[in-house]
Structure formats: structure tokens, C-alpha cells
Amino acid sequence: MLRLMLIAVIASSLLVSCKKTSPNDNNNTSSQDTLTAGWTMSKINLQQFTDIHFVQENGIVVSRTDIYGSNDGGETWTQRSNYGTEAFFGIGDDGWRRSIGMDSAGNVIISQGLLNGGEKDSLALSHDSNHFTILPDSFNINDSWLSSNNVGFAITANDQDTSIHFLKTINGGTSWNTVSIIPRATLITNVGVTRLAFVNSQTGWVSTPYGLFKTTNGGLSWSLQYTPPGIITNLSAVDSYTCYIEFIAFRAWDEIGTISKTTDGGINWQVVFSVTTGPGTDPIQAFQFVNATTGYMARGTSIYKSTDGGINWDKEVSIHSSLCSFEDIYFTDANHGWACSTEGQIVRYLR
């Protein structure tokens, strides 16, 4: 899948797995790791982790080739499955990143997303969170969200301006039915990545190459909420009124990552934070808000926390012993959180 040079820049900046960070960016004055109160770290060797998800004490973390699981809140981890071959690193597709949907009944859906030509698209599916089956994915599912036990939603990827389908499962991901097709709008970019986040069974947001859409009837219909001046890469929905997104834009060879939020259900949006990624400055890899004002962000070898709705961020974790970056972060509530890195680190927050 050939992309314009702009998309190649997007891929190289968003999907970088290992790199040195500048002392100016992370304030590295020594090689000692720093974890503030509540954070602990473990490491699984030879794993480049990209996504992590928890439901209560049960967690899943995935790398390029492996699935690991925890039944004790992330204190210990065991290998659950091996994909066998490394996923293709595609330009402009979110590369080998996978999304994870979980419920408390043991259903786990891990989608590989859109890859070049679709020849390696697959779903890793489990109904007990331990034993996984790798299935071909004819839908090109890019992201999934289990709203209750056995019941979940998914959104397909967009490629070359194809339709985006919103899907539903009632059997933990074994089968899917199309609920609706996301209405088209002016194309922002031809990057195929799409994301979704629901706050209950009826209300949710999806990010598309057309902008951000919202549903209040379980995906039966969608309304365009926001068309930012850039590509939406991260999405965190707090409740029916509060939602945060990150979008990226480009100026020369710099990437500008901007976090914007709504507190009135999507009617108005306010920019709260922006960072220009250049030499020595890390991009925003992931973030999540646990309530309307408190959020956590993964950038480079550090984890940051905001308590004022994303305006200011304080460093909570710095892993100077690693040359690789944190790729994903997930909190089940304000007192329980985890993040994973591309050098096998898993940090846990417990208060």
C-alpha cells in the first residue's frame, strides 16, 4: 500500500519502537529509574510490548509475537499464546500495534488491524483469558470494546476511502454483525486507523479519517462531532459529556501533538495541551483519563500525570535504564493502572 511522503512521516514518528531520549526531554541526570509512590516495575525479557488492558485483576499484554496474561493484577505474568510470526510493519497503519477488548467473563479480543493488502489480518480470541485461537479477520477490525459480558462492539479500518463498518458481537467475538456504516465526510487523511471508546452500552465515540463521531443509541446512528486540524491518534472517553482526543499535525519535519477535550458532550472543544516533537522531544504515545480532570500519559521513557484536565503534566515514572519507549497505558480506575514498553517493562500503579 503506497502512501504519500506525509504518511511515511506519520508512520516513522508514531510507530518508533526504540530510540534514545534527550536529556532535555526527560531531565535525565542519572541512569537510575525513578518511580513515584504507588508505581512498581517488572520486566519480561525479549518482548516489545505495544498494548495492555485489564479487567479487575485480569490483564493481557501483547507484543509483536506473544500474548502474556496476569491473574493477580499484574504482579506476575505468564505466556498465553504465540502468534508464530512477527506482524508486518506497515506504513501509515499503526504497524504491529494491536488493540485489546476484554470482559469479566474471560472473553478477550485482540485485533491486529489493517495491514498491507490484508494478507495477515487476524483476531486472537479467547473465552477464558488463557487459551487463544488465532482466526482470520475478514472484517479488518481495527479496534474493539466489550461493554458487558459477551457483548461488544468493533470498528473496521479505513483504507483507500472504503466504508467504515460498526460491528456488534453477542458471543464474545466469535461472530459479528454490522450494526451501521459510519457516514462519510470530507476525508482528512487516507490513514486507515480508526478507534472507539464507549462509556456505556449506548453512548460512545469513534475516531475516523473523517473526524470524530458520536452515537447515543448503541451505534445505530452517528453524528459528526469534531473535525480537528490533524489526524486523531488517541481517544479517551470519560462519560457522556467528557471526552479527550489527541490529533497530530505537521510543520516541516516536526510533529505537533495536540490534546483537545469536550465537557458538554461534543458541542464545544477546547485545546488543553500541545507538544512539538522534534530532536530530543518524544511524541505522545498513549493517554487515558480516569475522570474528568485526572489523566495519565505515556511519552518516551516516562509516564506523566495531569490533575487539571490535561493542561499541566507532572512526571510520575522515568525508566532511564531503557532505550525504548512506553507504548500503551491503561487504568481500570483512579487507583489501578498499568503501562507497557517496547523493551519488556510493565509498570503498575496501585494505591
# chains A, B, ... in the order shown; residues from 1 in each chain; ligands from 1
$ residues_around --residues "range 201-210 of chain A" --least-positions-apart "4" --cutoff "9 Å" --atoms "only C-alpha atoms" --output "MDAnalysis selection string"
chainID A and resid 147:148 152 155 157:158 161 164 182:197 214:219 222 224:225 227 231:237 239:240 243 245
$ write_last_selection --atoms "C-alpha atoms" --output "PDB file, in the first residue's frame"
ATOM      1  CA  SER A 147     -19.279  -3.205  27.021  1.00  0.00           C
ATOM      2  CA  SER A 148     -20.563  -6.139  29.086  1.00  0.00           C
ATOM      3  CA  GLY A 152     -19.109  -5.877  22.467  1.00  0.00           C
ATOM      4  CA  ILE A 155     -14.944  -0.751  14.190  1.00  0.00           C
ATOM      5  CA  ALA A 157     -10.278   0.046   9.469  1.00  0.00           C
ATOM      6  CA  ASN A 158     -10.488   2.500   6.625  1.00  0.00           C
ATOM      7  CA  ASP A 161     -11.603   5.679   1.383  1.00  0.00           C
ATOM      8  CA  ILE A 164     -16.120   2.016   7.883  1.00  0.00           C
ATOM      9  CA  ILE A 182     -20.082   5.353   9.705  1.00  0.00           C
ATOM     10  CA  PRO A 183     -21.336   8.189   7.478  1.00  0.00           C
ATOM     11  CA  ARG A 184     -18.763   9.678   5.186  1.00  0.00           C
ATOM     12  CA  ALA A 185     -17.462  13.199   5.407  1.00  0.00           C
ATOM     13  CA  THR A 186     -14.596  15.143   3.899  1.00  0.00           C
ATOM     14  CA  LEU A 187     -11.524  12.942   4.088  1.00  0.00           C
ATOM     15  CA  ILE A 188      -8.889  14.333   6.432  1.00  0.00           C
ATOM     16  CA  THR A 189      -6.301  11.699   5.554  1.00  0.00           C
ATOM     17  CA  ASN A 190      -6.155   8.295   3.961  1.00  0.00           C
ATOM     18  CA  VAL A 191      -4.582   6.700   7.033  1.00  0.00           C
ATOM     19  CA  GLY A 192      -6.673   3.641   7.827  1.00  0.00           C
ATOM     20  CA  VAL A 193      -6.525   3.725  11.636  1.00  0.00           C
ATOM     21  CA  THR A 194      -9.832   4.004  13.500  1.00  0.00           C
ATOM     22  CA  ARG A 195     -10.514   3.914  17.267  1.00  0.00           C
ATOM     23  CA  LEU A 196     -13.563   3.631  19.502  1.00  0.00           C
ATOM     24  CA  ALA A 197     -14.427   4.224  23.161  1.00  0.00           C
ATOM     25  CA  LYS A 214     -20.608  10.059  18.459  1.00  0.00           C
ATOM     26  CA  THR A 215     -23.537   7.706  18.998  1.00  0.00           C
ATOM     27  CA  THR A 216     -26.181   7.763  21.729  1.00  0.00           C
ATOM     28  CA  ASN A 217     -28.138   4.713  20.534  1.00  0.00           C
ATOM     29  CA  GLY A 218     -25.589   1.907  20.578  1.00  0.00           C
ATOM     30  CA  GLY A 219     -24.179   2.656  17.147  1.00  0.00           C
ATOM     31  CA  TRP A 222     -23.696   8.515  14.233  1.00  0.00           C
ATOM     32  CA  LEU A 224     -20.046  14.110  13.297  1.00  0.00           C
ATOM     33  CA  GLN A 225     -18.792  15.879  16.420  1.00  0.00           C
ATOM     34  CA  THR A 227     -13.070  17.708  12.655  1.00  0.00           C
ATOM     35  CA  ILE A 231      -5.159  13.142  12.394  1.00  0.00           C
ATOM     36  CA  ILE A 232      -6.816  11.677  15.517  1.00  0.00           C
ATOM     37  CA  THR A 233      -4.464   9.142  17.095  1.00  0.00           C
ATOM     38  CA  ASN A 234      -5.697   8.748  20.694  1.00  0.00           C
ATOM     39  CA  LEU A 235      -9.165   8.730  22.229  1.00  0.00           C
ATOM     40  CA  SER A 236     -10.258   8.630  25.885  1.00  0.00           C
ATOM     41  CA  ALA A 237     -13.949   8.899  26.815  1.00  0.00           C
ATOM     42  CA  ASP A 239     -18.558   9.883  30.440  1.00  0.00           C
ATOM     43  CA  SER A 240     -21.396  11.026  28.192  1.00  0.00           C
ATOM     44  CA  CYS A 243     -14.063  13.091  26.031  1.00  0.00           C
ATOM     45  CA  ILE A 245      -8.659  13.182  21.897  1.00  0.00           C
TER      46      ILE A 245
END
$ select_by_dssp --residues "range 269-334 of chain A" --states "strand (DSSP E)" --output "PyMOL selection string"
chain A and resi 270-277+284-289+295-299+302-306+314-318+326-333
$ atom_distance --atom1 "CA of Ile60 in chain A" --atom2 "CA of Ala339 in chain A"
11.3 Å
$ residues_around --residues "Asp128 in chain A" --least-positions-apart "4" --cutoff "9 Å" --atoms "only C-alpha atoms" --output "number ranges by chain"
A: 105-108, 132
$ closest_residue --among "A:Asn130, A:Val238, A:Ser42, A:Met297" --to "Asn71 in chain A" --atoms "only C-alpha atoms"
A:Asn130
$ atom_distance --atom1 "CA of Trp338 in chain A" --atom2 "CA of Ile303 in chain A"
10.2 Å
$ closest_residue --among "A:Val317, A:Leu212, A:Leu350, A:Val55" --to "Asn149 in chain A" --atoms "only C-alpha atoms"
A:Val55
$ residues_around --residues "Ile44 in chain A" --least-positions-apart "3" --cutoff "12 Å" --atoms "only C-alpha atoms" --output "MDAnalysis selection string"
chainID A and resid 41 47:49 61:63 66:69 74:79 340:347
$ write_last_selection --atoms "N, CA and C atoms" --output "PDB file, in the first residue's frame"
ATOM      1  N   MET A  41       7.733  -1.744  39.045  1.00  0.00           N
ATOM      2  CA  MET A  41       8.088  -2.176  37.698  1.00  0.00           C
ATOM      3  C   MET A  41       8.532  -3.622  37.688  1.00  0.00           C
ATOM      4  N   GLN A  47      10.730  -8.919  24.910  1.00  0.00           N
ATOM      5  CA  GLN A  47       9.380  -8.629  24.450  1.00  0.00           C
ATOM      6  C   GLN A  47       9.246  -7.143  24.143  1.00  0.00           C
ATOM      7  N   GLN A  48       8.721  -6.841  22.969  1.00  0.00           N
ATOM      8  CA  GLN A  48       8.452  -5.452  22.596  1.00  0.00           C
ATOM      9  C   GLN A  48       6.947  -5.208  22.729  1.00  0.00           C
ATOM     10  N   PHE A  49       6.517  -4.899  23.941  1.00  0.00           N
ATOM     11  CA  PHE A  49       5.098  -4.758  24.222  1.00  0.00           C
ATOM     12  C   PHE A  49       4.528  -3.486  23.601  1.00  0.00           C
ATOM     13  N   VAL A  61      -1.276  -8.388  28.010  1.00  0.00           N
ATOM     14  CA  VAL A  61      -0.327  -7.515  27.352  1.00  0.00           C
ATOM     15  C   VAL A  61       0.191  -8.243  26.117  1.00  0.00           C
ATOM     16  N   VAL A  62       0.341  -7.517  25.009  1.00  0.00           N
ATOM     17  CA  VAL A  62       0.743  -8.160  23.759  1.00  0.00           C
ATOM     18  C   VAL A  62       1.995  -7.488  23.203  1.00  0.00           C
ATOM     19  N   SER A  63       2.772  -8.303  22.488  1.00  0.00           N
ATOM     20  CA  SER A  63       3.954  -7.822  21.792  1.00  0.00           C
ATOM     21  C   SER A  63       3.808  -8.141  20.316  1.00  0.00           C
ATOM     22  N   ASP A  66       3.763 -12.280  20.870  1.00  0.00           N
ATOM     23  CA  ASP A  66       3.290 -13.029  22.021  1.00  0.00           C
ATOM     24  C   ASP A  66       2.153 -12.335  22.761  1.00  0.00           C
ATOM     25  N   ILE A  67       1.397 -13.166  23.477  1.00  0.00           N
ATOM     26  CA  ILE A  67       0.357 -12.699  24.395  1.00  0.00           C
ATOM     27  C   ILE A  67       0.725 -13.175  25.791  1.00  0.00           C
ATOM     28  N   TYR A  68       0.796 -12.259  26.749  1.00  0.00           N
ATOM     29  CA  TYR A  68       1.027 -12.605  28.146  1.00  0.00           C
ATOM     30  C   TYR A  68      -0.203 -12.218  28.957  1.00  0.00           C
ATOM     31  N   GLY A  69      -0.431 -12.977  30.041  1.00  0.00           N
ATOM     32  CA  GLY A  69      -1.575 -12.703  30.889  1.00  0.00           C
ATOM     33  C   GLY A  69      -1.210 -12.674  32.350  1.00  0.00           C
ATOM     34  N   GLY A  74      -1.249  -7.925  37.716  1.00  0.00           N
ATOM     35  CA  GLY A  74       0.000  -7.538  37.083  1.00  0.00           C
ATOM     36  C   GLY A  74       1.233  -7.815  37.897  1.00  0.00           C
ATOM     37  N   GLU A  75       1.074  -8.497  39.043  1.00  0.00           N
ATOM     38  CA  GLU A  75       2.254  -8.829  39.861  1.00  0.00           C
ATOM     39  C   GLU A  75       3.108  -9.880  39.170  1.00  0.00           C
ATOM     40  N   THR A  76       2.453 -10.878  38.543  1.00  0.00           N
ATOM     41  CA  THR A  76       3.163 -11.904  37.788  1.00  0.00           C
ATOM     42  C   THR A  76       2.490 -12.085  36.429  1.00  0.00           C
ATOM     43  N   TRP A  77       3.285 -12.575  35.451  1.00  0.00           N
ATOM     44  CA  TRP A  77       2.801 -12.738  34.088  1.00  0.00           C
ATOM     45  C   TRP A  77       3.234 -14.090  33.536  1.00  0.00           C
ATOM     46  N   THR A  78       2.363 -14.696  32.715  1.00  0.00           N
ATOM     47  CA  THR A  78       2.693 -15.947  32.042  1.00  0.00           C
ATOM     48  C   THR A  78       2.332 -15.832  30.566  1.00  0.00           C
ATOM     49  N   GLN A  79       3.082 -16.542  29.737  1.00  0.00           N
ATOM     50  CA  GLN A  79       2.794 -16.529  28.310  1.00  0.00           C
ATOM     51  C   GLN A  79       1.521 -17.325  28.030  1.00  0.00           C
ATOM     52  N   CYS A 340       3.014  -0.393  29.424  1.00  0.00           N
ATOM     53  CA  CYS A 340       3.976  -1.349  28.886  1.00  0.00           C
ATOM     54  C   CYS A 340       4.920  -0.640  27.925  1.00  0.00           C
ATOM     55  N   SER A 341       6.126  -1.206  27.803  1.00  0.00           N
ATOM     56  CA  SER A 341       7.143  -0.586  26.962  1.00  0.00           C
ATOM     57  C   SER A 341       7.645  -1.572  25.916  1.00  0.00           C
ATOM     58  N   THR A 342       8.384  -1.029  24.964  1.00  0.00           N
ATOM     59  CA  THR A 342       8.924  -1.852  23.885  1.00  0.00           C
ATOM     60  C   THR A 342      10.227  -2.537  24.272  1.00  0.00           C
ATOM     61  N   GLU A 343      10.611  -2.472  25.539  1.00  0.00           N
ATOM     62  CA  GLU A 343      11.748  -3.261  25.990  1.00  0.00           C
ATOM     63  C   GLU A 343      11.348  -4.195  27.125  1.00  0.00           C
ATOM     64  N   GLY A 344      10.056  -4.539  27.187  1.00  0.00           N
ATOM     65  CA  GLY A 344       9.603  -5.559  28.120  1.00  0.00           C
ATOM     66  C   GLY A 344       9.203  -5.062  29.486  1.00  0.00           C
ATOM     67  N   GLN A 345       9.333  -3.769  29.760  1.00  0.00           N
ATOM     68  CA  GLN A 345       8.902  -3.271  31.067  1.00  0.00           C
ATOM     69  C   GLN A 345       7.387  -3.174  31.174  1.00  0.00           C
ATOM     70  N   ILE A 346       6.878  -3.550  32.323  1.00  0.00           N
ATOM     71  CA  ILE A 346       5.494  -3.313  32.696  1.00  0.00           C
ATOM     72  C   ILE A 346       5.501  -2.597  34.045  1.00  0.00           C
ATOM     73  N   VAL A 347       4.972  -1.380  34.068  1.00  0.00           N
ATOM     74  CA  VAL A 347       4.875  -0.654  35.326  1.00  0.00           C
ATOM     75  C   VAL A 347       3.429  -0.692  35.805  1.00  0.00           C
TER      76      VAL A 347
END
$ atom_distance --atom1 "CA of Ile141 in chain A" --atom2 "CA of Gly265 in chain A"
26.2 Å
$ closest_residue --among "A:Leu123, A:Ile52, A:Leu220, A:Ala286" --to "Leu167 in chain A" --atoms "only C-alpha atoms"
A:Leu220
$ closest_residue --among "A:Phe326, A:Phe139, A:Phe287, A:Tyr296" --to "Thr50 in chain A" --atoms "only C-alpha atoms"
A:Phe326
$ closest_residue --among "A:Thr242, A:Asn45, A:Ser138, A:Ser163" --to "Phe289 in chain A" --atoms "only C-alpha atoms"
A:Thr242
